[in-house]
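What follows is a set of notes on a single structure, which appears directly below.
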Amino acid sequence: MMMQMKKMTLRYMMLAVFPLLVFGSGDVYIVTMEGEPVVSYNGGIEGFSATSVDLAEDTDITSELFTSYSDHLVRQHDALLDSLFDAGTYTKLYSYHHLLNGFSVHMTAEQAEVLSRAPGVKYLEKDMKVRKLTTHTPQFLGLPTGVWPTGGGFDRAGEDVVIGFVDSGIYPKHPSFASHNSDPYGPLPRYRGKCEIDPDTKRNFCNGKIVGAQHFAKAAIAAGAFNPGIEFASPLDGDGHGSHTAAIAAGNNGIPVRMHGHEFGKASGMAPRARIAVYKVLYRLFGGYVSDVVAAIDQAVRDGVDILNLSVGPNSPPSTTRTTFLNPFDASLLSAVKAGVFVAQAAGNGGPFPKTLVSFSPWITTVAAAVDDRRYKNHVTLGNGKILAGLGLSPSTHGNRSYNLVSANDVMIDSSALKYNPGDCQRPELLNRRMVEGKILLCGYSFNFVSGTASIKKVSETAKSLGAAGFIVAVENSYPGTKFDPVPVATPGILISDVSHSKVLIDYYNSSTKRDWAGRPISFQATASVADGLAPILHSSAPQVAIFSSRGPDVKDFSFQDADVLKPDILAPGSLIWAAWAPNGTDEANYLGEGFAMESGTSMAAPHIAGIAALIKQKHPHWSPAAIKSALMTTAMTKDRGGKPLQAQQYTETEAVKLLPATPFDFGSGAVNPKAALDPGLIFDASYRDYISFLCVVPEVDPDEVRNITGSACNATKGKPSELNSPSITISHLEGTQTLKRTVTNVAETETYIITTRMSPEVALEASPPAMTVLAGSSRQLTVSLTVRSFTGSYSFGEILMKGNRGHKVRIPVVAMGYQ
């Protein structure tokens with residue numbers, strides 16, 4: 001009775017303190033509760049049987065066994081909130097019950113403080129934003145000849161595997177996602193996702209190829225960020241990013257990429273027969289929120305996806321937990337892995353600087369971005385004979401002739417009344433058509449291009465509307481971090497991105513232009529021609545780590561201390577990737593209204609791995625996510641097409657791009673090799689319990705925090721994170737000698753392996769036994785010792801190589817920093 005009186009008093013206090021909330025005021029909080037979620041519940045509550053997932057069994061999550069326990073958790077969440085606060089003073093947005101036991105709620109900071117102290121509440125965190133981590137690659141990766149034939153050809157590659165995309169939605173009418181030109185798709189008994197109806201067209205988003213389409217925006221709406229007049233309250237992609245990533249992983253094969261009357265080849269996903277399940281969490285203006293992302297992940301796993309692609313990540317390491325690995329986002333992905341779902345996540349676009357990763361945990365496959373062998377380069381030839389290199393995906397000037405150059409600054413209609421910068425050629429009405437017609441228009445690269453309010457596409461449209469023979473955009477000032485990509489345009493044009501080349505061009509123009517006493521131009525005598533830039537140039541020095549790709553080392557906490565985990569895990573193409581686009585997509589101004597776009601980012605690299613993982617899953621349906629990750633990593637390549645060690649793009653002191661030898665902090669285990677990954681020989685497997693044990697031995701981590709966020713208790717707190725059975729070894733603080741073990745499992749026929757090591761001289765690396773025979777389906781243990789020889793204050797890199805007598809090669813990257 002006394003307890004009930006205290007509850008009633010507390011409720012009336014809440015009523016007095018908290019007025020009705022209006023969306024946009026207050027904040028969204030993510031709360032985890034005592035008790036296991038569905039995937040981890042082993043029984044013990046009267047009336048509810050165990051629901052813990054066994055990966056070896058097919059489970060029906062719609063059965064009474066699962067739904068009754070799920071409903072029980074939801075009732076607990078509602079009862080707690082109802083016991084503390086009056087209706088109308090808060091809004092519960094989601095109940096998480098499949099991967100996490102918890103909920104997200106919109107309330108005031110004062111209410112959150114009360115809730116954090118309530119019985120049964122283990123952890124409370126304020127929601128934070130997430131962001132996007134913004135063809136030819138099937139041929140580059142050898143899929144048509146080396147991989148697809150083994151799975152029945154491209155028309156069967158990825159058959160019956162479902163890839164879930166937590167992204168900005170999809171444009172369902174795109175031919176990359178059509179089902180009418182392919183063999184009929186059969187039913188998927190394991191996938192139970194739903195398809196929302198488009199509120200405008202009243203049509204279903206699904207078609208057999210697309211098997212699920214849902215959107216999640218409750219947290220965005222509660223935070224006041226969602227504008228229904230601009231965002232689509234449906235799975236429709238209003239951004240372009242989600243359609244692009246889905247097409248890279250699972251788009252139909254042989255789709256012609258046509259733009260401005262030119263065909264740039266045929267697009268295909270890595271697994272063109274795989275199914276697509278859409279979970280929209282990203283929106284045009286603001287990105288997304290973790291609460292919505294966790295709800296989408298929870299739903300995707302409940303629905304039965306096989307693969308999750310996350311081209312989305314946080315803005316920084318979490319600041320509210322002692323380690324980057326413990327937060328609701330990573331914890332939900334850990335439960336997804338427990339449920340048998342492979343997770344590919346983009347590494348981030350903070351490169352080439354160290355410790356810029358936004359994907360941290362060892363159960364996630366973190367993907368870095370590579371430049372492949374295809375480069376679009378062009379040049380302009382000046383009347384004085386000088387040739388200047390630039391970027392221009394356009395036809396040549398008519399008849400390969402030279403035309404007079406005219407600067408936009410010299411043909412302004414009225415410079416005194418300008419509200420806009422005419423020099424960047426975005427508004428044709430500001431320029432004198434009579435003076436521009438038949439000439440090449442010279443434009444400046446203003447900060448408007450960096451901010452996204454100006455585009456090369458608009459320059460092309462301006463030049464065309466004024467009757468220009470072409471255009472040149474010259475970059476005169478270097479803006480740090482600017483990424484220059486070639487843009488397909490119909491008008492002959494080029495971007496001169498090198499500041500020194502731009503100076504040569506402008507000096508030539510000024511010296512060849514006659515002016516009156518007031519500086520007004522009298523005649524334009526500078527001439528130029530733009531070459532044909534439509535055909536790509538193929539390079540053998542590929543792949544290279546792209547300049548923007550985030551780099552390691554991985555960090556274990558918000559103070560950016562190094563973690564004993566290698567990140568990124570693997571390298572995949574992520575630069576200048578052609579794929580489907582939403583015509584109403586606003587993510588890239590240069591592709592507004594287009595059906596295809598050529599985009600760069602680790603966002604584009606992750607779906608390459610998701611699609612290749614689908615091919616592995618198709619061939620080995622019972623492999624765990626760790627096994628798939630191991631197969632990808634141990635077979636990856638550390639040399640380019642020319643047989644030289646991989647290189648990474650870096651900045652010089654003047655912000656020009658140079659190439660340096662790449663390290664595992666740039667590429668992880670190396671560049672993905674799909675054919676080898678289908679038949680890796682040996683794998684390094686790890687279970688959910690192994691990952692919990694890893695969390696429990698991270699230095700300074702509180703076991704209670706592990707239990708509060710994951711729902712699983714620590715059985716032991718002794719050991720080292722580097723002892724996790726991963727296909728890489730990282731020791732950030734090596735003193736003396738450290739010995740650890742790895743367990744390999746043979747997924748091929750019985751084979752004898754010779755084991756060798758290689759390491760930079762500061763650290764001695766030994767592996768034993770020097771040779772081992774591993775029976776088919778059996779496991780053997782490998783002992784690895786690292787010893788400090790000298791302290792340099794920097795990391796040492798090496799590898800363990802296992803060569804089998806049947807031709808398998810298993811490579812484990814080793815990273816260590818020695819201390820004395």
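Scheme for the structure tokens: letters A, B, ... for chains in order shown; per-chain residue numbers from 1; ligand numbers from 1 in order shown.
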All helix (DSSP H, G or I) positions in stretch 448-617 of chain A, as an MDAnalysis selection string: chainID A and resid 448:451 456:465 499:512 589:591 602:617
Counting only C-alpha atoms, the option among A:Ile276, A:Met772, A:Val555, A:Ala606 closest to A:Thr365: A:Ala606
d(atom CA of A:Thr323, atom CA of A:Ser116) in Å: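 Distance between the two atoms: 19.9 Å.
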Among stretch 421-604 of chain A, which residues carry a DSSP assignment of strand (DSSP E), reported as a PDB file with N, CA and C atoms, in the first residue's frame?
ATOM      1  N   ILE A 440      33.339  29.662 -75.914  1.00  0.00           N
ATOM      2  CA  ILE A 440      33.447  28.827 -74.720  1.00  0.00           C
ATOM      3  C   ILE A 440      33.372  29.729 -73.502  1.00  0.00           C
ATOM      4  N   LEU A 441      32.407  29.432 -72.612  1.00  0.00           N
ATOM      5  CA  LEU A 441      32.151  30.263 -71.431  1.00  0.00           C
ATOM      6  C   LEU A 441      33.085  29.839 -70.297  1.00  0.00           C
ATOM      7  N   LEU A 442      33.849  30.800 -69.780  1.00  0.00           N
ATOM      8  CA  LEU A 442      34.798  30.549 -68.687  1.00  0.00           C
ATOM      9  C   LEU A 442      34.151  30.968 -67.372  1.00  0.00           C
ATOM     10  N   CYS A 443      33.980  30.003 -66.457  1.00  0.00           N
ATOM     11  CA  CYS A 443      33.281  30.230 -65.187  1.00  0.00           C
ATOM     12  C   CYS A 443      34.225  30.002 -64.016  1.00  0.00           C
ATOM     13  N   GLY A 444      33.893  30.589 -62.882  1.00  0.00           N
ATOM     14  CA  GLY A 444      34.682  30.414 -61.663  1.00  0.00           C
ATOM     15  C   GLY A 444      34.042  29.387 -60.740  1.00  0.00           C
ATOM     16  N   GLY A 470      30.675  25.699 -75.478  1.00  0.00           N
ATOM     17  CA  GLY A 470      31.101  24.840 -74.380  1.00  0.00           C
ATOM     18  C   GLY A 470      31.359  25.676 -73.144  1.00  0.00           C
ATOM     19  N   PHE A 471      31.926  25.049 -72.104  1.00  0.00           N
ATOM     20  CA  PHE A 471      32.237  25.801 -70.885  1.00  0.00           C
ATOM     21  C   PHE A 471      33.486  25.226 -70.225  1.00  0.00           C
ATOM     22  N   ILE A 472      34.153  26.076 -69.436  1.00  0.00           N
ATOM     23  CA  ILE A 472      35.271  25.651 -68.580  1.00  0.00           C
ATOM     24  C   ILE A 472      35.010  26.252 -67.204  1.00  0.00           C
ATOM     25  N   VAL A 473      35.078  25.413 -66.170  1.00  0.00           N
ATOM     26  CA  VAL A 473      34.988  25.898 -64.787  1.00  0.00           C
ATOM     27  C   VAL A 473      36.385  25.802 -64.183  1.00  0.00           C
ATOM     28  N   ALA A 474      36.924  26.938 -63.736  1.00  0.00           N
ATOM     29  CA  ALA A 474      38.296  26.989 -63.220  1.00  0.00           C
ATOM     30  C   ALA A 474      38.284  27.173 -61.709  1.00  0.00           C
ATOM     31  N   GLY A 493      32.320  20.430 -71.963  1.00  0.00           N
ATOM     32  CA  GLY A 493      32.727  21.189 -70.777  1.00  0.00           C
ATOM     33  C   GLY A 493      33.766  20.456 -69.967  1.00  0.00           C
ATOM     34  N   ILE A 494      34.433  21.194 -69.084  1.00  0.00           N
ATOM     35  CA  ILE A 494      35.503  20.610 -68.281  1.00  0.00           C
ATOM     36  C   ILE A 494      35.672  21.419 -67.004  1.00  0.00           C
ATOM     37  N   LEU A 495      36.065  20.733 -65.941  1.00  0.00           N
ATOM     38  CA  LEU A 495      36.399  21.371 -64.665  1.00  0.00           C
ATOM     39  C   LEU A 495      37.903  21.278 -64.484  1.00  0.00           C
ATOM     40  N   ILE A 496      38.561  22.431 -64.350  1.00  0.00           N
ATOM     41  CA  ILE A 496      40.000  22.461 -64.075  1.00  0.00           C
ATOM     42  C   ILE A 496      40.152  22.548 -62.561  1.00  0.00           C
ATOM     43  N   THR A 513      42.998  39.134 -74.052  1.00  0.00           N
ATOM     44  CA  THR A 513      41.754  39.907 -74.111  1.00  0.00           C
ATOM     45  C   THR A 513      42.080  41.391 -74.132  1.00  0.00           C
ATOM     46  N   LYS A 514      41.632  42.084 -75.182  1.00  0.00           N
ATOM     47  CA  LYS A 514      41.862  43.529 -75.302  1.00  0.00           C
ATOM     48  C   LYS A 514      40.778  44.279 -74.545  1.00  0.00           C
ATOM     49  N   ARG A 515      41.190  45.327 -73.810  1.00  0.00           N
ATOM     50  CA  ARG A 515      40.261  46.081 -72.980  1.00  0.00           C
ATOM     51  C   ARG A 515      40.429  47.580 -73.219  1.00  0.00           C
ATOM     52  N   PRO A 521      36.076  44.731 -71.805  1.00  0.00           N
ATOM     53  CA  PRO A 521      36.642  43.978 -72.929  1.00  0.00           C
ATOM     54  C   PRO A 521      36.198  44.545 -74.274  1.00  0.00           C
ATOM     55  N   ILE A 522      37.152  44.612 -75.190  1.00  0.00           N
ATOM     56  CA  ILE A 522      36.867  45.067 -76.553  1.00  0.00           C
ATOM     57  C   ILE A 522      36.809  43.871 -77.494  1.00  0.00           C
ATOM     58  N   SER A 523      37.744  42.938 -77.338  1.00  0.00           N
ATOM     59  CA  SER A 523      37.738  41.733 -78.172  1.00  0.00           C
ATOM     60  C   SER A 523      38.317  40.564 -77.389  1.00  0.00           C
ATOM     61  N   PHE A 524      37.797  39.369 -77.704  1.00  0.00           N
ATOM     62  CA  PHE A 524      38.229  38.141 -77.038  1.00  0.00           C
ATOM     63  C   PHE A 524      39.041  37.323 -78.045  1.00  0.00           C
ATOM     64  N   THR A 527      41.648  31.388 -77.356  1.00  0.00           N
ATOM     65  CA  THR A 527      40.875  30.276 -77.913  1.00  0.00           C
ATOM     66  C   THR A 527      41.187  28.986 -77.154  1.00  0.00           C
ATOM     67  N   ALA A 528      40.254  28.035 -77.275  1.00  0.00           N
ATOM     68  CA  ALA A 528      40.439  26.742 -76.605  1.00  0.00           C
ATOM     69  C   ALA A 528      39.539  25.706 -77.258  1.00  0.00           C
ATOM     70  N   SER A 529      39.882  24.447 -77.049  1.00  0.00           N
ATOM     71  CA  SER A 529      39.020  23.339 -77.466  1.00  0.00           C
ATOM     72  C   SER A 529      38.966  22.333 -76.328  1.00  0.00           C
ATOM     73  N   VAL A 530      37.803  21.727 -76.170  1.00  0.00           N
ATOM     74  CA  VAL A 530      37.612  20.715 -75.130  1.00  0.00           C
ATOM     75  C   VAL A 530      37.590  19.347 -75.809  1.00  0.00           C
ATOM     76  N   ILE A 537      39.303   5.932 -68.858  1.00  0.00           N
ATOM     77  CA  ILE A 537      40.666   5.417 -69.019  1.00  0.00           C
ATOM     78  C   ILE A 537      40.845   4.333 -67.962  1.00  0.00           C
ATOM     79  N   LEU A 538      41.314   3.159 -68.375  1.00  0.00           N
ATOM     80  CA  LEU A 538      41.492   2.050 -67.439  1.00  0.00           C
ATOM     81  C   LEU A 538      42.925   2.001 -66.937  1.00  0.00           C
ATOM     82  N   GLN A 544      42.888   1.592 -55.465  1.00  0.00           N
ATOM     83  CA  GLN A 544      43.591   2.452 -54.518  1.00  0.00           C
ATOM     84  C   GLN A 544      42.580   2.874 -53.452  1.00  0.00           C
ATOM     85  N   VAL A 545      43.066   3.127 -52.244  1.00  0.00           N
ATOM     86  CA  VAL A 545      42.177   3.612 -51.187  1.00  0.00           C
ATOM     87  C   VAL A 545      41.821   5.062 -51.504  1.00  0.00           C
ATOM     88  N   ILE A 570      37.576  -4.272 -44.647  1.00  0.00           N
ATOM     89  CA  ILE A 570      37.800  -4.656 -46.036  1.00  0.00           C
ATOM     90  C   ILE A 570      37.582  -3.455 -46.947  1.00  0.00           C
ATOM     91  N   LEU A 571      38.132  -3.550 -48.140  1.00  0.00           N
ATOM     92  CA  LEU A 571      38.095  -2.467 -49.129  1.00  0.00           C
ATOM     93  C   LEU A 571      37.240  -2.910 -50.313  1.00  0.00           C
ATOM     94  N   ALA A 572      36.348  -2.011 -50.780  1.00  0.00           N
ATOM     95  CA  ALA A 572      35.508  -2.306 -51.943  1.00  0.00           C
ATOM     96  C   ALA A 572      35.340  -1.038 -52.763  1.00  0.00           C
ATOM     97  N   PRO A 573      35.005  -1.165 -54.046  1.00  0.00           N
ATOM     98  CA  PRO A 573      34.871   0.030 -54.889  1.00  0.00           C
ATOM     99  C   PRO A 573      33.861   1.021 -54.314  1.00  0.00           C
ATOM    100  N   ILE A 577      30.824   5.498 -58.826  1.00  0.00           N
ATOM    101  CA  ILE A 577      30.031   4.292 -59.052  1.00  0.00           C
ATOM    102  C   ILE A 577      28.706   4.662 -59.724  1.00  0.00           C
ATOM    103  N   TRP A 578      28.502   4.129 -60.926  1.00  0.00           N
ATOM    104  CA  TRP A 578      27.229   4.320 -61.624  1.00  0.00           C
ATOM    105  C   TRP A 578      26.172   3.403 -61.019  1.00  0.00           C
ATOM    106  N   ALA A 579      24.991   3.945 -60.729  1.00  0.00           N
ATOM    107  CA  ALA A 579      23.878   3.112 -60.270  1.00  0.00           C
ATOM    108  C   ALA A 579      22.595   3.919 -60.362  1.00  0.00           C
ATOM    109  N   ALA A 580      21.494   3.257 -60.037  1.00  0.00           N
ATOM    110  CA  ALA A 580      20.172   3.873 -60.142  1.00  0.00           C
ATOM    111  C   ALA A 580      20.068   5.123 -59.289  1.00  0.00           C
ATOM    112  N   PHE A 596      20.003   7.929 -63.388  1.00  0.00           N
ATOM    113  CA  PHE A 596      21.243   7.316 -62.912  1.00  0.00           C
ATOM    114  C   PHE A 596      22.146   8.407 -62.356  1.00  0.00           C
ATOM    115  N   ALA A 597      23.053   8.004 -61.488  1.00  0.00           N
ATOM    116  CA  ALA A 597      24.044   8.937 -60.954  1.00  0.00           C
ATOM    117  C   ALA A 597      25.352   8.199 -60.745  1.00  0.00           C
ATOM    118  N   MET A 598      26.440   8.965 -60.830  1.00  0.00           N
ATOM    119  CA  MET A 598      27.761   8.419 -60.556  1.00  0.00           C
ATOM    120  C   MET A 598      28.234   9.061 -59.252  1.00  0.00           C
ATOM    121  N   GLU A 599      28.191   8.276 -58.184  1.00  0.00           N
ATOM    122  CA  GLU A 599      28.434   8.786 -56.847  1.00  0.00           C
ATOM    123  C   GLU A 599      29.696   8.184 -56.240  1.00  0.00           C
TER     124      GLU A 599
END
Quick one: everything within 7 Å of stretch 92-106 of chain A, counting only C-alpha atoms, minus sequence neighbours fewer than 3 positions away in the same chain. Send it as a short mmCIF file (atom, residue, chain, number, x, y, z; two decimals) with N, CA, C and O atoms, in the first residue's frame.
data_model
loop_
_atom_site.label_atom_id
_atom_site.label_comp_id
_atom_site.auth_asym_id
_atom_site.auth_seq_id
_atom_site.Cartn_x
_atom_site.Cartn_y
_atom_site.Cartn_z
N GLY A 26 11.15 19.35 -25.93
CA GLY A 26 11.64 18.13 -25.30
C GLY A 26 12.65 17.44 -26.19
O GLY A 26 13.14 18.00 -27.16
N ASP A 27 12.98 16.20 -25.83
CA ASP A 27 13.95 15.42 -26.60
C ASP A 27 13.48 13.99 -26.69
O ASP A 27 12.60 13.54 -25.95
N VAL A 28 14.14 13.24 -27.59
CA VAL A 28 13.87 11.82 -27.72
C VAL A 28 14.96 11.07 -26.97
O VAL A 28 16.15 11.39 -27.09
N TYR A 29 14.56 10.08 -26.18
CA TYR A 29 15.50 9.27 -25.40
C TYR A 29 15.31 7.80 -25.75
O TYR A 29 14.19 7.35 -26.00
N ILE A 30 16.43 7.08 -25.74
CA ILE A 30 16.41 5.63 -25.93
C ILE A 30 16.65 4.98 -24.58
O ILE A 30 17.61 5.32 -23.88
N VAL A 31 15.80 4.05 -24.21
CA VAL A 31 15.83 3.43 -22.89
C VAL A 31 15.95 1.92 -23.06
O VAL A 31 15.25 1.32 -23.87
N THR A 32 16.86 1.29 -22.30
CA THR A 32 16.90 -0.18 -22.26
C THR A 32 16.46 -0.65 -20.88
O THR A 32 16.72 0.01 -19.87
N MET A 33 15.81 -1.82 -20.88
CA MET A 33 15.15 -2.32 -19.67
C MET A 33 15.74 -3.63 -19.20
O MET A 33 16.38 -4.35 -19.96
N GLY A 35 15.65 -7.50 -18.36
CA GLY A 35 14.98 -8.58 -19.09
C GLY A 35 15.50 -8.69 -20.51
O GLY A 35 15.87 -7.69 -21.13
N GLU A 36 15.53 -9.93 -21.02
CA GLU A 36 16.11 -10.17 -22.34
C GLU A 36 15.11 -9.89 -23.44
O GLU A 36 13.91 -10.09 -23.27
N PRO A 37 15.62 -9.44 -24.62
CA PRO A 37 14.75 -9.33 -25.79
C PRO A 37 14.45 -10.71 -26.36
O PRO A 37 14.97 -11.73 -25.87
N VAL A 38 13.66 -10.77 -27.42
CA VAL A 38 13.22 -12.04 -27.99
C VAL A 38 14.40 -12.93 -28.38
O VAL A 38 14.42 -14.13 -28.07
N VAL A 39 15.42 -12.36 -29.05
CA VAL A 39 16.50 -13.21 -29.56
C VAL A 39 17.36 -13.80 -28.45
O VAL A 39 18.13 -14.73 -28.70
N SER A 70 6.83 -10.94 -27.01
CA SER A 70 7.00 -9.57 -27.50
C SER A 70 5.94 -8.66 -26.88
O SER A 70 6.24 -7.55 -26.40
N LEU A 73 6.70 -7.76 -23.30
CA LEU A 73 7.68 -6.68 -23.13
C LEU A 73 7.07 -5.31 -23.41
O LEU A 73 7.33 -4.35 -22.68
N VAL A 74 6.25 -5.23 -24.45
CA VAL A 74 5.60 -3.96 -24.77
C VAL A 74 4.72 -3.51 -23.61
O VAL A 74 4.71 -2.32 -23.23
N LYS A 218 9.27 8.41 -36.62
CA LYS A 218 8.63 8.91 -35.40
C LYS A 218 9.57 9.81 -34.60
O LYS A 218 9.15 10.84 -34.05
N ALA A 219 10.84 9.43 -34.51
CA ALA A 219 11.80 10.26 -33.76
C ALA A 219 12.04 11.58 -34.48
O ALA A 219 12.14 12.63 -33.84
N ALA A 222 9.04 13.74 -33.84
CA ALA A 222 9.04 14.21 -32.45
C ALA A 222 10.06 15.31 -32.23
O ALA A 222 9.84 16.25 -31.46
N SER A 291 17.01 6.56 -32.93
CA SER A 291 15.77 5.86 -32.52
C SER A 291 15.08 5.23 -33.71
O SER A 291 14.60 4.09 -33.64
N ALA A 295 14.83 1.15 -34.61
CA ALA A 295 13.52 0.56 -34.90
C ALA A 295 13.54 -0.15 -36.25
O ALA A 295 12.96 -1.24 -36.40
N ASP A 298 15.59 -3.39 -35.92
CA ASP A 298 14.78 -4.36 -35.16
C ASP A 298 13.72 -4.99 -36.07
O ASP A 298 13.53 -6.20 -36.08
N ARG A 302 13.38 -8.93 -37.47
CA ARG A 302 12.11 -9.63 -37.23
C ARG A 302 11.50 -10.10 -38.54
O ARG A 302 10.91 -11.18 -38.61
N SER A 332 22.07 -3.27 -31.02
CA SER A 332 21.02 -3.85 -31.86
C SER A 332 21.64 -4.64 -33.01
O SER A 332 21.13 -5.70 -33.40
N SER A 335 22.74 -8.00 -31.68
CA SER A 335 21.62 -8.93 -31.62
C SER A 335 21.23 -9.41 -33.02
O SER A 335 20.80 -10.55 -33.20
N ALA A 336 21.38 -8.53 -34.03
CA ALA A 336 21.10 -8.94 -35.41
C ALA A 336 22.05 -10.06 -35.83
O ALA A 336 21.63 -11.04 -36.46
#
Pick from A:Asp330, A:Val475, A:Gly399, A:Ser760, whichever lies nearest to A:Gly423 using only C-alpha atoms: A:Val475
Nearby residues (only C-alpha atoms) at most 7 Å from stretch 159-168 of chain A, same-chain spacing under 3 positions excluded, as a PyMOL selection string: chain A and resi 156+188+237+239+241-242+246+273-283+296+300+305-312+614+618
Distance in Å - atom CA of A:Phe694 versus atom CA of A:Phe797: 22.6 Å
Write out as an mmCIF file with N, CA and C atoms, in the first residue's frame the residues lying within 8 Å of A:Thr737, counting only C-alpha atoms and excluding same-chain residues fewer than 2 positions away.
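As written to disk, result_16.cif reads:
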data_model
loop_
_atom_site.group_PDB
_atom_site.id
_atom_site.type_symbol
_atom_site.label_atom_id
_atom_site.label_comp_id
_atom_site.auth_asym_id
_atom_site.auth_seq_id
_atom_site.Cartn_x
_atom_site.Cartn_y
_atom_site.Cartn_z
ATOM 1 N N LEU A 734 51.426 -3.172 -26.900
ATOM 2 C CA LEU A 734 52.141 -4.436 -26.725
ATOM 3 C C LEU A 734 53.368 -4.222 -25.849
ATOM 4 N N GLU A 735 53.397 -4.920 -24.721
ATOM 5 C CA GLU A 735 54.554 -4.868 -23.835
ATOM 6 C C GLU A 735 55.129 -6.279 -23.699
ATOM 7 N N THR A 739 50.941 -13.692 -26.063
ATOM 8 C CA THR A 739 50.587 -14.904 -26.798
ATOM 9 C C THR A 739 49.066 -15.046 -26.829
ATOM 10 N N SER A 785 52.462 -15.513 -31.202
ATOM 11 C CA SER A 785 53.210 -14.735 -30.200
ATOM 12 C C SER A 785 53.777 -13.482 -30.853
ATOM 13 N N LEU A 786 53.616 -12.350 -30.162
ATOM 14 C CA LEU A 786 54.201 -11.091 -30.607
ATOM 15 C C LEU A 786 55.119 -10.579 -29.502
ATOM 16 N N THR A 787 56.321 -10.164 -29.867
ATOM 17 C CA THR A 787 57.327 -9.699 -28.908
ATOM 18 C C THR A 787 57.895 -8.367 -29.371
ATOM 19 N N VAL A 788 57.991 -7.423 -28.419
ATOM 20 C CA VAL A 788 58.551 -6.107 -28.741
ATOM 21 C C VAL A 788 60.059 -6.227 -28.906
#
Nearest to A:Ile364, chosen from A:Phe85, A:Tyr41, A:Tyr691, A:Phe665, with only C-alpha atoms counted in the distances: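 Of A:Phe85, A:Tyr41, A:Tyr691, A:Phe665, the one nearest A:Ile364, counting only C-alpha atoms, is A:Tyr691.
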Stretch 669-676 of chain A environment, 6 Å, only C-alpha atoms, sequence neighbours closer than 6 positions dropped, as a list in words: Gly146, Val147, Asp569, Ile570, Leu571, Ala572, Met633, Thr635, Ala636, Met637, Thr638 and Pro813 of chain A
Just the selected residues (N, CA and C atoms), exported as a PDB file, in the first residue's frame, please.
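Resulting contents of again-v3.pdb:
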ATOM      1  N   GLY A 146      33.844 -15.215 -62.913  1.00  0.00           N
ATOM      2  CA  GLY A 146      34.404 -16.011 -61.825  1.00  0.00           C
ATOM      3  C   GLY A 146      33.429 -16.426 -60.752  1.00  0.00           C
ATOM      4  N   VAL A 147      32.284 -15.718 -60.625  1.00  0.00           N
ATOM      5  CA  VAL A 147      31.392 -15.967 -59.503  1.00  0.00           C
ATOM      6  C   VAL A 147      29.989 -16.339 -59.958  1.00  0.00           C
ATOM      7  N   ASP A 569      37.498  -3.215 -42.062  1.00  0.00           N
ATOM      8  CA  ASP A 569      37.714  -4.647 -42.254  1.00  0.00           C
ATOM      9  C   ASP A 569      38.134  -4.993 -43.676  1.00  0.00           C
ATOM     10  N   ILE A 570      37.576  -4.272 -44.647  1.00  0.00           N
ATOM     11  CA  ILE A 570      37.800  -4.656 -46.036  1.00  0.00           C
ATOM     12  C   ILE A 570      37.582  -3.455 -46.947  1.00  0.00           C
ATOM     13  N   LEU A 571      38.132  -3.550 -48.140  1.00  0.00           N
ATOM     14  CA  LEU A 571      38.095  -2.467 -49.129  1.00  0.00           C
ATOM     15  C   LEU A 571      37.240  -2.910 -50.313  1.00  0.00           C
ATOM     16  N   ALA A 572      36.348  -2.011 -50.780  1.00  0.00           N
ATOM     17  CA  ALA A 572      35.508  -2.306 -51.943  1.00  0.00           C
ATOM     18  C   ALA A 572      35.340  -1.038 -52.763  1.00  0.00           C
ATOM     19  N   MET A 633      37.481 -11.518 -45.552  1.00  0.00           N
ATOM     20  CA  MET A 633      38.728 -10.898 -45.097  1.00  0.00           C
ATOM     21  C   MET A 633      39.968 -11.740 -45.412  1.00  0.00           C
ATOM     22  N   THR A 635      40.575 -13.806 -47.689  1.00  0.00           N
ATOM     23  CA  THR A 635      40.868 -13.990 -49.115  1.00  0.00           C
ATOM     24  C   THR A 635      41.128 -12.673 -49.821  1.00  0.00           C
ATOM     25  N   ALA A 636      41.074 -11.553 -49.088  1.00  0.00           N
ATOM     26  CA  ALA A 636      41.235 -10.226 -49.703  1.00  0.00           C
ATOM     27  C   ALA A 636      42.648 -10.051 -50.252  1.00  0.00           C
ATOM     28  N   MET A 637      42.771  -9.140 -51.218  1.00  0.00           N
ATOM     29  CA  MET A 637      44.039  -8.921 -51.915  1.00  0.00           C
ATOM     30  C   MET A 637      44.751  -7.682 -51.376  1.00  0.00           C
ATOM     31  N   THR A 638      46.074  -7.776 -51.271  1.00  0.00           N
ATOM     32  CA  THR A 638      46.873  -6.631 -50.818  1.00  0.00           C
ATOM     33  C   THR A 638      47.729  -6.058 -51.942  1.00  0.00           C
ATOM     34  N   PRO A 813      45.822 -10.259 -41.316  1.00  0.00           N
ATOM     35  CA  PRO A 813      46.635  -9.068 -41.039  1.00  0.00           C
ATOM     36  C   PRO A 813      46.937  -8.947 -39.546  1.00  0.00           C
TER      37      PRO A 813
END
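Excluding A:Leu466 and any residue on its chain fewer than 4 positions from it, the residues at most 10 Å away by only C-alpha atoms are A:Pro428, A:Glu429, A:Leu431, A:Asn432, A:Arg433, A:Arg434, A:Met435, A:Val436, A:Glu437, A:Gly438, A:Lys439, A:Leu441, A:Glu461, A:Thr462.
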